[in-house]
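Student: You'll find start.pdb just under this line, and it carries PDB, C-alpha atoms, pLDDT in the B column.
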ATOM      1  CA  MET A   1     -60.453 218.473 159.170  1.00 83.00           C
ATOM      2  CA  THR A   2     -60.355 218.794 155.375  1.00 93.00           C
ATOM      3  CA  THR A   3     -56.892 218.601 153.830  1.00 96.00           C
ATOM      4  CA  PHE A   4     -55.819 218.688 150.201  1.00 98.00           C
ATOM      5  CA  SER A   5     -53.481 216.994 147.758  1.00 98.00           C
ATOM      6  CA  ALA A   6     -51.972 218.965 144.868  1.00 98.00           C
ATOM      7  CA  ASN A   7     -52.242 217.262 141.496  1.00 98.00           C
ATOM      8  CA  LEU A   8     -48.952 218.221 139.884  1.00 98.00           C
ATOM      9  CA  GLY A   9     -50.136 217.273 136.429  1.00 97.00           C
ATOM     10  CA  PHE A  10     -51.964 220.625 136.485  1.00 98.00           C
ATOM     11  CA  LEU A  11     -50.647 222.631 139.458  1.00 98.00           C
ATOM     12  CA  TRP A  12     -47.144 224.094 139.096  1.00 98.00           C
ATOM     13  CA  ALA A  13     -46.916 222.169 135.818  1.00 96.00           C
ATOM     14  CA  ASP A  14     -44.399 224.742 134.561  1.00 96.00           C
ATOM     15  CA  ARG A  15     -41.825 223.568 137.130  1.00 97.00           C
ATOM     16  CA  PRO A  16     -39.726 220.412 137.344  1.00 97.00           C
ATOM     17  CA  LEU A  17     -41.611 217.839 139.382  1.00 98.00           C
ATOM     18  CA  PRO A  18     -39.326 217.979 142.452  1.00 98.00           C
ATOM     19  CA  GLU A  19     -39.741 221.766 142.536  1.00 98.00           C
ATOM     20  CA  ALA A  20     -43.510 221.400 142.161  1.00 98.00           C
ATOM     21  CA  ILE A  21     -43.526 219.113 145.201  1.00 98.00           C
ATOM     22  CA  ARG A  22     -41.688 221.770 147.189  1.00 98.00           C
ATOM     23  CA  ALA A  23     -44.114 224.453 145.978  1.00 98.00           C
ATOM     24  CA  ALA A  24     -47.071 222.327 147.080  1.00 98.00           C
ATOM     25  CA  ALA A  25     -45.568 221.975 150.545  1.00 98.00           C
ATOM     26  CA  ALA A  26     -44.937 225.706 150.779  1.00 98.00           C
ATOM     27  CA  ALA A  27     -48.555 226.399 149.780  1.00 97.00           C
ATOM     28  CA  GLY A  28     -49.929 224.225 152.588  1.00 97.00           C
ATOM     29  CA  PHE A  29     -50.945 221.063 150.758  1.00 98.00           C
ATOM     30  CA  ALA A  30     -50.889 217.874 152.820  1.00 98.00           C
ATOM     31  CA  ALA A  31     -49.993 215.544 149.930  1.00 98.00           C
ATOM     32  CA  VAL A  32     -49.263 215.425 146.216  1.00 98.00           C
ATOM     33  CA  GLU A  33     -50.234 213.281 143.242  1.00 98.00           C
ATOM     34  CA  CYS A  34     -49.201 213.295 139.603  1.00 97.00           C
ATOM     35  CA  HIS A  35     -49.999 211.981 136.152  1.00 96.00           C
ATOM     36  CA  TRP A  36     -46.904 210.561 134.451  1.00 96.00           C
ATOM     37  CA  PRO A  37     -43.690 211.190 136.416  1.00 97.00           C
ATOM     38  CA  TYR A  38     -41.569 208.659 134.539  1.00 97.00           C
ATOM     39  CA  ASP A  39     -39.142 211.095 132.899  1.00 96.00           C
ATOM     40  CA  VAL A  40     -37.935 212.141 136.371  1.00 97.00           C
ATOM     41  CA  PRO A  41     -35.649 209.716 138.221  1.00 98.00           C
ATOM     42  CA  ALA A  42     -37.523 208.113 141.092  1.00 98.00           C
ATOM     43  CA  ALA A  43     -34.670 208.992 143.442  1.00 98.00           C
ATOM     44  CA  ALA A  44     -35.240 212.723 142.832  1.00 98.00           C
ATOM     45  CA  ILE A  45     -38.948 212.396 143.624  1.00 98.00           C
ATOM     46  CA  HIS A  46     -38.260 210.291 146.687  1.00 98.00           C
ATOM     47  CA  ALA A  47     -35.820 212.916 147.941  1.00 98.00           C
ATOM     48  CA  ALA A  48     -38.293 215.780 147.427  1.00 98.00           C
ATOM     49  CA  LEU A  49     -41.032 213.862 149.212  1.00 98.00           C
ATOM     50  CA  ALA A  50     -38.707 213.062 152.103  1.00 98.00           C
ATOM     51  CA  GLU A  51     -37.561 216.683 152.315  1.00 98.00           C
ATOM     52  CA  THR A  52     -41.104 218.076 152.428  1.00 98.00           C
ATOM     53  CA  GLY A  53     -42.735 215.259 154.376  1.00 98.00           C
ATOM     54  CA  LEU A  54     -45.521 215.002 151.812  1.00 98.00           C
ATOM     55  CA  PRO A  55     -46.888 211.609 150.754  1.00 98.00           C
ATOM     56  CA  MET A  56     -47.601 210.916 147.085  1.00 98.00           C
ATOM     57  CA  LEU A  57     -51.116 209.543 146.757  1.00 98.00           C
ATOM     58  CA  SER A  58     -51.409 208.444 143.134  1.00 98.00           C
ATOM     59  CA  LEU A  59     -49.853 208.271 139.689  1.00 98.00           C
ATOM     60  CA  ASN A  60     -51.166 207.031 136.341  1.00 98.00           C
ATOM     61  CA  THR A  61     -50.171 204.219 134.024  1.00 98.00           C
ATOM     62  CA  LEU A  62     -48.769 205.487 130.731  1.00 96.00           C
ATOM     63  CA  PRO A  63     -51.352 206.804 128.266  1.00 94.00           C
ATOM     64  CA  GLY A  64     -49.950 204.859 125.303  1.00 89.00           C
ATOM     65  CA  GLY A  65     -48.923 207.808 123.147  1.00 83.00           C
ATOM     66  CA  PRO A  66     -49.783 211.475 122.491  1.00 81.00           C
ATOM     67  CA  GLY A  67     -53.478 212.112 122.961  1.00 80.00           C
ATOM     68  CA  LYS A  68     -54.107 208.569 124.201  1.00 87.00           C
ATOM     69  CA  ARG A  69     -55.733 207.631 127.501  1.00 94.00           C
ATOM     70  CA  GLY A  70     -54.357 204.233 128.362  1.00 97.00           C
ATOM     71  CA  LEU A  71     -53.934 200.707 127.109  1.00 97.00           C
ATOM     72  CA  SER A  72     -55.629 198.369 129.551  1.00 98.00           C
ATOM     73  CA  ALA A  73     -59.001 197.982 127.796  1.00 97.00           C
ATOM     74  CA  LEU A  74     -57.557 197.702 124.291  1.00 96.00           C
ATOM     75  CA  PRO A  75     -57.973 194.183 122.876  1.00 96.00           C
ATOM     76  CA  GLY A  76     -54.700 192.833 121.528  1.00 95.00           C
ATOM     77  CA  ARG A  77     -52.555 195.256 123.522  1.00 94.00           C
ATOM     78  CA  GLY A  78     -52.226 193.135 126.667  1.00 94.00           C
ATOM     79  CA  ASP A  79     -48.429 192.928 126.596  1.00 96.00           C
ATOM     80  CA  GLU A  80     -48.134 196.722 126.424  1.00 96.00           C
ATOM     81  CA  ALA A  81     -50.771 197.183 129.115  1.00 97.00           C
ATOM     82  CA  ARG A  82     -48.942 194.826 131.465  1.00 98.00           C
ATOM     83  CA  ALA A  83     -45.643 196.583 130.770  1.00 98.00           C
ATOM     84  CA  ALA A  84     -47.254 199.941 131.618  1.00 98.00           C
ATOM     85  CA  ILE A  85     -48.647 198.486 134.840  1.00 98.00           C
ATOM     86  CA  ASP A  86     -45.260 197.014 135.769  1.00 98.00           C
ATOM     87  CA  ARG A  87     -43.595 200.368 135.201  1.00 98.00           C
ATOM     88  CA  ALA A  88     -46.206 202.235 137.242  1.00 98.00           C
ATOM     89  CA  VAL A  89     -46.031 199.817 140.165  1.00 98.00           C
ATOM     90  CA  ALA A  90     -42.228 199.829 140.173  1.00 98.00           C
ATOM     91  CA  TYR A  91     -42.126 203.637 140.148  1.00 98.00           C
ATOM     92  CA  ALA A  92     -44.798 203.884 142.841  1.00 98.00           C
ATOM     93  CA  ALA A  93     -42.888 201.443 145.036  1.00 98.00           C
ATOM     94  CA  ALA A  94     -39.662 203.386 144.545  1.00 98.00           C
ATOM     95  CA  VAL A  95     -41.165 206.729 145.606  1.00 98.00           C
ATOM     96  CA  GLY A  96     -43.615 205.409 148.220  1.00 98.00           C
ATOM     97  CA  CYS A  97     -46.722 206.274 146.205  1.00 98.00           C
ATOM     98  CA  ALA A  98     -49.899 204.797 147.693  1.00 97.00           C
ATOM     99  CA  GLN A  99     -51.956 204.059 144.566  1.00 98.00           C
ATOM    100  CA  VAL A 100     -51.718 203.502 140.822  1.00 98.00           C
ATOM    101  CA  HIS A 101     -54.484 204.624 138.475  1.00 98.00           C
ATOM    102  CA  VAL A 102     -54.825 202.065 135.667  1.00 98.00           C
ATOM    103  CA  MET A 103     -55.959 203.962 132.572  1.00 98.00           C
ATOM    104  CA  ALA A 104     -58.349 202.023 130.344  1.00 98.00           C
ATOM    105  CA  GLY A 105     -58.055 203.743 126.966  1.00 97.00           C
ATOM    106  CA  THR A 106     -60.499 204.349 124.140  1.00 96.00           C
ATOM    107  CA  ALA A 107     -62.435 201.161 123.410  1.00 95.00           C
ATOM    108  CA  GLN A 108     -65.934 199.720 123.728  1.00 95.00           C
ATOM    109  CA  GLY A 109     -67.671 196.366 123.897  1.00 97.00           C
ATOM    110  CA  PRO A 110     -67.287 192.960 125.561  1.00 97.00           C
ATOM    111  CA  ALA A 111     -63.742 192.372 124.303  1.00 98.00           C
ATOM    112  CA  ALA A 112     -62.637 195.692 125.797  1.00 97.00           C
ATOM    113  CA  GLU A 113     -64.237 194.813 129.137  1.00 98.00           C
ATOM    114  CA  ALA A 114     -62.552 191.410 129.155  1.00 98.00           C
ATOM    115  CA  ALA A 115     -59.174 193.034 128.424  1.00 98.00           C
ATOM    116  CA  PHE A 116     -59.688 195.617 131.170  1.00 98.00           C
ATOM    117  CA  VAL A 117     -60.731 193.049 133.774  1.00 98.00           C
ATOM    118  CA  GLU A 118     -57.687 190.931 132.938  1.00 98.00           C
ATOM    119  CA  ALA A 119     -55.430 193.972 133.248  1.00 98.00           C
ATOM    120  CA  LEU A 120     -56.974 194.943 136.582  1.00 98.00           C
ATOM    121  CA  HIS A 121     -56.393 191.486 138.038  1.00 98.00           C
ATOM    122  CA  TYR A 122     -52.802 191.689 136.832  1.00 98.00           C
ATOM    123  CA  ALA A 123     -52.367 195.166 138.354  1.00 98.00           C
ATOM    124  CA  CYS A 124     -53.824 194.080 141.692  1.00 98.00           C
ATOM    125  CA  ASP A 125     -51.521 191.055 141.768  1.00 98.00           C
ATOM    126  CA  ARG A 126     -48.454 193.173 141.002  1.00 98.00           C
ATOM    127  CA  ALA A 127     -49.363 195.995 143.404  1.00 98.00           C
ATOM    128  CA  ALA A 128     -50.439 193.953 146.429  1.00 98.00           C
ATOM    129  CA  PRO A 129     -46.967 192.825 147.604  1.00 98.00           C
ATOM    130  CA  HIS A 130     -45.960 196.508 147.844  1.00 98.00           C
ATOM    131  CA  GLY A 131     -49.102 197.558 149.721  1.00 98.00           C
ATOM    132  CA  ILE A 132     -50.141 199.666 146.706  1.00 98.00           C
ATOM    133  CA  GLY A 133     -53.776 200.223 145.749  1.00 98.00           C
ATOM    134  CA  VAL A 134     -55.185 200.161 142.218  1.00 98.00           C
ATOM    135  CA  LEU A 135     -57.629 202.832 141.053  1.00 98.00           C
ATOM    136  CA  ILE A 136     -60.044 203.123 138.137  1.00 98.00           C
ATOM    137  CA  GLU A 137     -61.703 206.400 137.136  1.00 98.00           C
ATOM    138  CA  PRO A 138     -64.732 207.099 134.930  1.00 98.00           C
ATOM    139  CA  LEU A 139     -64.060 210.023 132.579  1.00 97.00           C
ATOM    140  CA  ASN A 140     -66.681 212.249 131.013  1.00 97.00           C
ATOM    141  CA  PRO A 141     -67.260 212.154 127.216  1.00 96.00           C
ATOM    142  CA  TYR A 142     -66.459 215.826 126.644  1.00 96.00           C
ATOM    143  CA  ASP A 143     -62.903 215.540 127.947  1.00 95.00           C
ATOM    144  CA  ALA A 144     -62.377 211.904 126.945  1.00 95.00           C
ATOM    145  CA  PRO A 145     -64.651 210.898 124.059  1.00 96.00           C
ATOM    146  CA  GLY A 146     -64.851 207.138 123.641  1.00 95.00           C
ATOM    147  CA  TYR A 147     -63.087 206.332 126.913  1.00 97.00           C
ATOM    148  CA  PHE A 148     -63.955 202.803 128.000  1.00 97.00           C
ATOM    149  CA  LEU A 149     -64.887 203.650 131.587  1.00 97.00           C
ATOM    150  CA  SER A 150     -67.675 206.167 131.079  1.00 95.00           C
ATOM    151  CA  GLY A 151     -69.907 205.996 134.146  1.00 95.00           C
ATOM    152  CA  THR A 152     -69.881 205.389 137.877  1.00 96.00           C
ATOM    153  CA  ALA A 153     -72.378 202.510 137.643  1.00 96.00           C
ATOM    154  CA  GLN A 154     -70.008 200.787 135.205  1.00 97.00           C
ATOM    155  CA  ALA A 155     -67.110 201.334 137.616  1.00 97.00           C
ATOM    156  CA  GLU A 156     -69.130 199.921 140.531  1.00 97.00           C
ATOM    157  CA  ARG A 157     -69.965 196.833 138.486  1.00 97.00           C
ATOM    158  CA  LEU A 158     -66.349 196.247 137.428  1.00 98.00           C
ATOM    159  CA  ILE A 159     -65.033 196.636 140.979  1.00 98.00           C
ATOM    160  CA  ALA A 160     -67.614 194.119 142.175  1.00 98.00           C
ATOM    161  CA  ARG A 161     -66.812 191.763 139.296  1.00 97.00           C
ATOM    162  CA  CYS A 162     -63.087 191.819 140.027  1.00 98.00           C
ATOM    163  CA  GLY A 163     -63.599 191.398 143.767  1.00 98.00           C
ATOM    164  CA  ARG A 164     -60.080 192.522 144.645  1.00 98.00           C
ATOM    165  CA  ALA A 165     -59.313 194.045 148.036  1.00 98.00           C
ATOM    166  CA  ASN A 166     -56.837 196.568 146.632  1.00 98.00           C
ATOM    167  CA  LEU A 167     -59.055 197.795 143.742  1.00 98.00           C
ATOM    168  CA  ALA A 168     -61.029 201.003 144.299  1.00 98.00           C
ATOM    169  CA  LEU A 169     -62.666 203.966 142.616  1.00 98.00           C
ATOM    170  CA  MET A 170     -61.007 207.279 141.839  1.00 98.00           C
ATOM    171  CA  LEU A 171     -63.977 209.521 142.618  1.00 98.00           C
ATOM    172  CA  ASP A 172     -63.371 212.692 140.644  1.00 98.00           C
ATOM    173  CA  CYS A 173     -66.171 215.095 141.565  1.00 98.00           C
ATOM    174  CA  TYR A 174     -65.656 216.995 138.308  1.00 98.00           C
ATOM    175  CA  HIS A 175     -66.278 213.932 136.157  1.00 98.00           C
ATOM    176  CA  VAL A 176     -69.076 212.572 138.385  1.00 98.00           C
ATOM    177  CA  GLN A 177     -71.022 215.836 138.243  1.00 97.00           C
ATOM    178  CA  ILE A 178     -70.828 215.893 134.432  1.00 97.00           C
ATOM    179  CA  LEU A 179     -71.612 212.184 134.086  1.00 95.00           C
ATOM    180  CA  ASP A 180     -74.317 211.745 136.722  1.00 94.00           C
ATOM    181  CA  GLY A 181     -75.226 215.002 138.433  1.00 93.00           C
ATOM    182  CA  ASP A 182     -76.812 214.624 141.894  1.00 94.00           C
ATOM    183  CA  LEU A 183     -73.274 214.913 143.222  1.00 97.00           C
ATOM    184  CA  SER A 184     -73.918 214.784 146.970  1.00 97.00           C
ATOM    185  CA  ARG A 185     -75.944 211.559 146.757  1.00 97.00           C
ATOM    186  CA  ARG A 186     -73.454 209.992 144.364  1.00 97.00           C
ATOM    187  CA  ILE A 187     -70.585 210.784 146.749  1.00 98.00           C
ATOM    188  CA  ALA A 188     -72.425 209.177 149.659  1.00 98.00           C
ATOM    189  CA  ALA A 189     -73.242 206.074 147.605  1.00 97.00           C
ATOM    190  CA  LEU A 190     -69.761 205.679 146.115  1.00 98.00           C
ATOM    191  CA  LEU A 191     -67.628 206.415 149.157  1.00 98.00           C
ATOM    192  CA  PRO A 192     -67.496 202.775 150.371  1.00 97.00           C
ATOM    193  CA  ILE A 193     -65.654 201.751 147.181  1.00 98.00           C
ATOM    194  CA  THR A 194     -63.578 204.948 146.875  1.00 98.00           C
ATOM    195  CA  GLY A 195     -59.811 204.947 147.222  1.00 98.00           C
ATOM    196  CA  HIS A 196     -59.084 208.563 146.265  1.00 98.00           C
ATOM    197  CA  VAL A 197     -61.063 211.756 145.644  1.00 98.00           C
ATOM    198  CA  GLN A 198     -60.371 214.556 143.173  1.00 98.00           C
ATOM    199  CA  PHE A 199     -62.161 217.793 142.339  1.00 98.00           C
ATOM    200  CA  ALA A 200     -62.253 220.785 140.003  1.00 98.00           C
ATOM    201  CA  GLY A 201     -64.692 223.478 139.036  1.00 98.00           C
ATOM    202  CA  VAL A 202     -67.501 222.454 136.684  1.00 98.00           C
ATOM    203  CA  PRO A 203     -67.845 222.832 133.734  1.00 97.00           C
ATOM    204  CA  ASP A 204     -64.468 224.381 132.869  1.00 96.00           C
ATOM    205  CA  ARG A 205     -62.174 222.321 135.158  1.00 97.00           C
ATOM    206  CA  GLY A 206     -60.944 225.541 136.683  1.00 97.00           C
ATOM    207  CA  PRO A 207     -60.460 226.367 140.386  1.00 97.00           C
ATOM    208  CA  PRO A 208     -63.223 225.033 142.628  1.00 97.00           C
ATOM    209  CA  ASP A 209     -64.458 228.413 143.852  1.00 94.00           C
ATOM    210  CA  ARG A 210     -66.350 229.044 140.624  1.00 93.00           C
ATOM    211  CA  GLY A 211     -68.803 227.188 138.430  1.00 95.00           C
ATOM    212  CA  GLU A 212     -71.875 225.081 139.144  1.00 96.00           C
ATOM    213  CA  VAL A 213     -70.651 223.019 142.133  1.00 97.00           C
ATOM    214  CA  ALA A 214     -70.697 224.498 145.652  1.00 96.00           C
ATOM    215  CA  TYR A 215     -67.466 222.932 146.868  1.00 97.00           C
ATOM    216  CA  GLY A 216     -67.767 224.405 150.345  1.00 95.00           C
ATOM    217  CA  HIS A 217     -70.778 222.100 150.725  1.00 96.00           C
ATOM    218  CA  VAL A 218     -68.945 219.170 149.063  1.00 97.00           C
ATOM    219  CA  PHE A 219     -65.883 219.441 151.303  1.00 96.00           C
ATOM    220  CA  ALA A 220     -68.092 219.621 154.403  1.00 96.00           C
ATOM    221  CA  LEU A 221     -69.978 216.552 153.147  1.00 97.00           C
ATOM    222  CA  PHE A 222     -66.774 214.518 152.946  1.00 97.00           C
ATOM    223  CA  ASP A 223     -66.033 215.566 156.530  1.00 96.00           C
ATOM    224  CA  ARG A 224     -69.493 214.498 157.691  1.00 96.00           C
ATOM    225  CA  LEU A 225     -69.157 211.150 155.903  1.00 97.00           C
ATOM    226  CA  GLY A 226     -65.882 210.466 157.718  1.00 97.00           C
ATOM    227  CA  TRP A 227     -63.422 210.837 154.834  1.00 97.00           C
ATOM    228  CA  GLU A 228     -60.035 211.469 156.455  1.00 96.00           C
ATOM    229  CA  ARG A 229     -57.597 211.480 153.533  1.00 97.00           C
ATOM    230  CA  PRO A 230     -56.568 214.522 151.469  1.00 98.00           C
ATOM    231  CA  LEU A 231     -58.857 215.538 148.607  1.00 98.00           C
ATOM    232  CA  GLY A 232     -57.035 215.894 145.289  1.00 98.00           C
ATOM    233  CA  ALA A 233     -57.043 219.326 143.638  1.00 98.00           C
ATOM    234  CA  GLU A 234     -56.902 218.375 139.950  1.00 98.00           C
ATOM    235  CA  TYR A 235     -57.904 221.627 138.288  1.00 98.00           C
ATOM    236  CA  ARG A 236     -56.432 223.878 135.629  1.00 98.00           C
ATOM    237  CA  PRO A 237     -55.274 227.042 137.373  1.00 97.00           C
ATOM    238  CA  GLY A 238     -55.554 229.198 134.239  1.00 93.00           C
ATOM    239  CA  GLY A 239     -52.273 230.970 134.984  1.00 94.00           C
ATOM    240  CA  ASP A 240     -50.063 231.208 138.031  1.00 97.00           C
ATOM    241  CA  THR A 241     -50.895 228.353 140.401  1.00 98.00           C
ATOM    242  CA  ASP A 242     -50.165 230.321 143.574  1.00 97.00           C
ATOM    243  CA  ALA A 243     -52.580 233.032 142.436  1.00 96.00           C
ATOM    244  CA  SER A 244     -55.347 230.430 142.068  1.00 97.00           C
ATOM    245  CA  LEU A 245     -55.245 229.120 145.652  1.00 97.00           C
ATOM    246  CA  GLY A 246     -57.697 231.464 147.364  1.00 95.00           C
ATOM    247  CA  TRP A 247     -60.230 228.622 147.498  1.00 96.00           C
ATOM    248  CA  MET A 248     -58.057 226.839 150.093  1.00 94.00           C
ATOM    249  CA  ARG A 249     -59.039 229.492 152.615  1.00 87.00           C
ATOM    250  CA  GLY A 250     -62.430 230.510 151.235  1.00 83.00           C
ATOM    251  CA  LEU A 251     -64.128 227.107 150.947  1.00 87.00           C
ATOM    252  CA  VAL A 252     -63.119 225.409 154.183  1.00 82.00           C
ATOM    253  CA  GLY A 253     -65.036 226.291 157.302  1.00 66.00           C
TER     254      GLY A 253
END
Can you present the structure in this file as structure tokens?
Tutor:
Amino acid sequence: MTTFSANLGFLWADRPLPEAIRAAAAAGFAAVECHWPYDVPAAAIHAALAETGLPMLSLNTLPGGPGKRGLSALPGRGDEARAAIDRAVAYAAAVGCAQVHVMAGTAQGPAAEAAFVEALHYACDRAAPHGIGVLIEPLNPYDAPGYFLSGTAQAERLIARCGRANLALMLDCYHVQILDGDLSRRIAALLPITGHVQFAGVPDRGPPDRGEVAYGHVFALFDRLGWERPLGAEYRPGGDTDASLGWMRGLVG
């Protein structure tokens, strides 16, 4: 049975994070995830999760400043990248979050890859004692021009190169469709290295019941492939979040 996680970076983003968690539970989501929760005391998030019974599936390392997209692939910024990883892992452990998404940042070339691989090994080492997974996510060039991780083949290669048991792919259907197309075949090929799934309408990142991707088919595909964890709704609601949730009934058979 398909279930969903609410990405609270976009959904109910006008509410304090603990209240957004409660709203997600009231709306029928099975889990939550977020971007950068660090301004909220971990104890408040832990309490809201305990109250609602929702798990938190993922959070991101810090972006490195306004408009930035991470530090981990930036040559010469290793100390800051490790500090961001430490903070993310500590926060995830405190709230019971399952996975940390290590953001690469805007960089290119062999030095950037070497920095990113080093940061990923560090993240895996720090996360493993807590049972926390590490995620990497390719981002499309329209939303994230110059982002280091810019394709699923690159992500596959880096995961294989690192060879770490707790390193996996964040498979965001929105980004994969823009980057690669052929979404159904890419999902089937990537699922063995996938740790979390996200989705949004393409091309506008709006609700999934509009645009060029037939998400009723995509959700059924994940079911057929044996995916049993919640799928992450990371879309821009374009107004009131509750008013945007008709897809939760309309796209699931």
Student: With only C-alpha atoms as the basis for distance, which of A:Thr52, A:Gln108, A:Ser58, A:Ser5 is at the shortest distance from A:Ala30?
Tutor: A:Ser5
Student: From the options A:Ile178, A:Ala189, A:Gly78, A:Phe29, which residue's atoms come nearest to A:Thr2, counting only C-alpha atoms?
Tutor: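 Counting only C-alpha atoms, the residue closest to A:Thr2 is A:Phe29.
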Student: Name every residue that the PyMOL selection byres ((chain A and resi 77) around 12) selects in this structure, writing the answer as an mmCIF file with C-alpha atoms, keeping the file's coordinate frame with chains first and numbers rising.
Tutor:
data_model
loop_
_atom_site.group_PDB
_atom_site.id
_atom_site.type_symbol
_atom_site.label_atom_id
_atom_site.label_comp_id
_atom_site.auth_asym_id
_atom_site.auth_seq_id
_atom_site.Cartn_x
_atom_site.Cartn_y
_atom_site.Cartn_z
ATOM 1 C CA GLY A 64 -49.950 204.859 125.303
ATOM 2 C CA GLY A 70 -54.357 204.233 128.362
ATOM 3 C CA LEU A 71 -53.934 200.707 127.109
ATOM 4 C CA SER A 72 -55.629 198.369 129.551
ATOM 5 C CA ALA A 73 -59.001 197.982 127.796
ATOM 6 C CA LEU A 74 -57.557 197.702 124.291
ATOM 7 C CA PRO A 75 -57.973 194.183 122.876
ATOM 8 C CA GLY A 76 -54.700 192.833 121.528
ATOM 9 C CA GLY A 78 -52.226 193.135 126.667
ATOM 10 C CA ASP A 79 -48.429 192.928 126.596
ATOM 11 C CA GLU A 80 -48.134 196.722 126.424
ATOM 12 C CA ALA A 81 -50.771 197.183 129.115
ATOM 13 C CA ARG A 82 -48.942 194.826 131.465
ATOM 14 C CA ALA A 83 -45.643 196.583 130.770
ATOM 15 C CA ALA A 84 -47.254 199.941 131.618
ATOM 16 C CA ALA A 104 -58.349 202.023 130.344
ATOM 17 C CA GLY A 105 -58.055 203.743 126.966
ATOM 18 C CA ALA A 107 -62.435 201.161 123.410
ATOM 19 C CA ALA A 111 -63.742 192.372 124.303
ATOM 20 C CA ALA A 112 -62.637 195.692 125.797
ATOM 21 C CA ALA A 115 -59.174 193.034 128.424
ATOM 22 C CA PHE A 116 -59.688 195.617 131.170
ATOM 23 C CA GLU A 118 -57.687 190.931 132.938
ATOM 24 C CA ALA A 119 -55.430 193.972 133.248
#
Student: Rank A:Leu169, A:Arg69, A:Asp204, A:Ala98 by their smallest atom-to-atom distance to A:Pro145, using all atoms listed in the file, and report the top residue only.
Tutor: A:Arg69
Student: Name the closest residue to A:Leu57 among the candidates A:Gly226, A:Gly238, A:Gly181, A:Gly195; distances are taken between atoms, counting all atoms listed in the file.
Tutor: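 Nearest candidate to A:Leu57 out of A:Gly226, A:Gly238, A:Gly181, A:Gly195: A:Gly195.
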Student: Which is closest to A:Gln99 among A:Arg249, A:Arg205, A:Lys68, A:His196, if we use only C-alpha atoms?
Tutor: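 Of A:Arg249, A:Arg205, A:Lys68, A:His196, the one nearest A:Gln99 is A:His196, counting only C-alpha atoms.
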Student: Where does the PyMOL selection byres ((chain A and resi 214) around 12) land in this file, that is, which residues does it pick, as a PyMOL selection string?
Tutor: chain A and resi 173-174+177+183-184+199-202+207-213+215-221+247+250-252
Student: Tell me which residues the PyMOL selection byres ((chain A and resi 31) around 12) grabs here, as number ranges by chain.
Tutor: A: 3-8, 20-30, 32-34, 48-50, 52-58, 97-98, 229-233
Student: Would you mind exporting the chosen residues as a compact mmCIF listing (two decimals), keeping the file's coordinate frame, restricted to C-alpha atoms?
Tutor:
# COMPACT_ATOMS: atom_id res chain seq x y z
CA THR A 3 -56.89 218.60 153.83
CA PHE A 4 -55.82 218.69 150.20
CA SER A 5 -53.48 216.99 147.76
CA ALA A 6 -51.97 218.96 144.87
CA ASN A 7 -52.24 217.26 141.50
CA LEU A 8 -48.95 218.22 139.88
CA ALA A 20 -43.51 221.40 142.16
CA ILE A 21 -43.53 219.11 145.20
CA ARG A 22 -41.69 221.77 147.19
CA ALA A 23 -44.11 224.45 145.98
CA ALA A 24 -47.07 222.33 147.08
CA ALA A 25 -45.57 221.98 150.54
CA ALA A 26 -44.94 225.71 150.78
CA ALA A 27 -48.56 226.40 149.78
CA GLY A 28 -49.93 224.22 152.59
CA PHE A 29 -50.94 221.06 150.76
CA ALA A 30 -50.89 217.87 152.82
CA VAL A 32 -49.26 215.42 146.22
CA GLU A 33 -50.23 213.28 143.24
CA CYS A 34 -49.20 213.30 139.60
CA ALA A 48 -38.29 215.78 147.43
CA LEU A 49 -41.03 213.86 149.21
CA ALA A 50 -38.71 213.06 152.10
CA THR A 52 -41.10 218.08 152.43
CA GLY A 53 -42.74 215.26 154.38
CA LEU A 54 -45.52 215.00 151.81
CA PRO A 55 -46.89 211.61 150.75
CA MET A 56 -47.60 210.92 147.08
CA LEU A 57 -51.12 209.54 146.76
CA SER A 58 -51.41 208.44 143.13
CA CYS A 97 -46.72 206.27 146.21
CA ALA A 98 -49.90 204.80 147.69
CA ARG A 229 -57.60 211.48 153.53
CA PRO A 230 -56.57 214.52 151.47
CA LEU A 231 -58.86 215.54 148.61
CA GLY A 232 -57.04 215.89 145.29
CA ALA A 233 -57.04 219.33 143.64
Student: If you measure from atom CA of A:Glu228 to atom CA of A:His175, what distance in Å do you get, rounded to one decimal?
Tutor: 21.4 Å
Student: Pick out the closest residue to A:Ala44 from this set: A:Tyr91, A:Thr61, A:Val100, A:Arg186. Count all atoms listed in the file.
Tutor: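 When distances to A:Ala44 are compared using all atoms listed in the file, the smallest one comes from A:Tyr91.
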Student: Measure the distance from atom CA of A:Leu171 to atom CA of A:Met1 in Å and round it to one decimal.
Tutor: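 It comes out at 19.1 Å.
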Student: What is the distance, in Å and to one decimal place, between atom CA of A:Pro141 and atom CA of A:Leu120?
Tutor: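 Atom-to-atom, atom CA of A:Pro141 and atom CA of A:Leu120 are spaced 22.1 Å apart.
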Student: Can you sort out the box for stretch 29-39 of chain A, edges along x, y and z, all listed atoms in, 8 Å on every side, with centre and edge lengths in Å to one decimal, as AutoDock Vina command-line options?
Tutor:
--center_x -45.0 --center_y 214.9 --center_z 142.9 --size_x 27.8 --size_y 28.4 --size_z 35.9
Student: A:His35: which residues within 6 Å, counting all atoms listed in the file, same-chain residues fewer than 3 positions away excluded, as an MDAnalysis selection string?
Tutor: chainID A and resid 9 59:60
Student: Could you name the residues that touch A:Ala47 at 9 Å or less, counting only C-alpha atoms, but leaving out those on the same chain fewer than 4 positions away, as a list in words?
Tutor: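 Contacts, with the query itself left out: Pro18, Ala42, Ala43, Glu51, Thr52 and Val95 of chain A.
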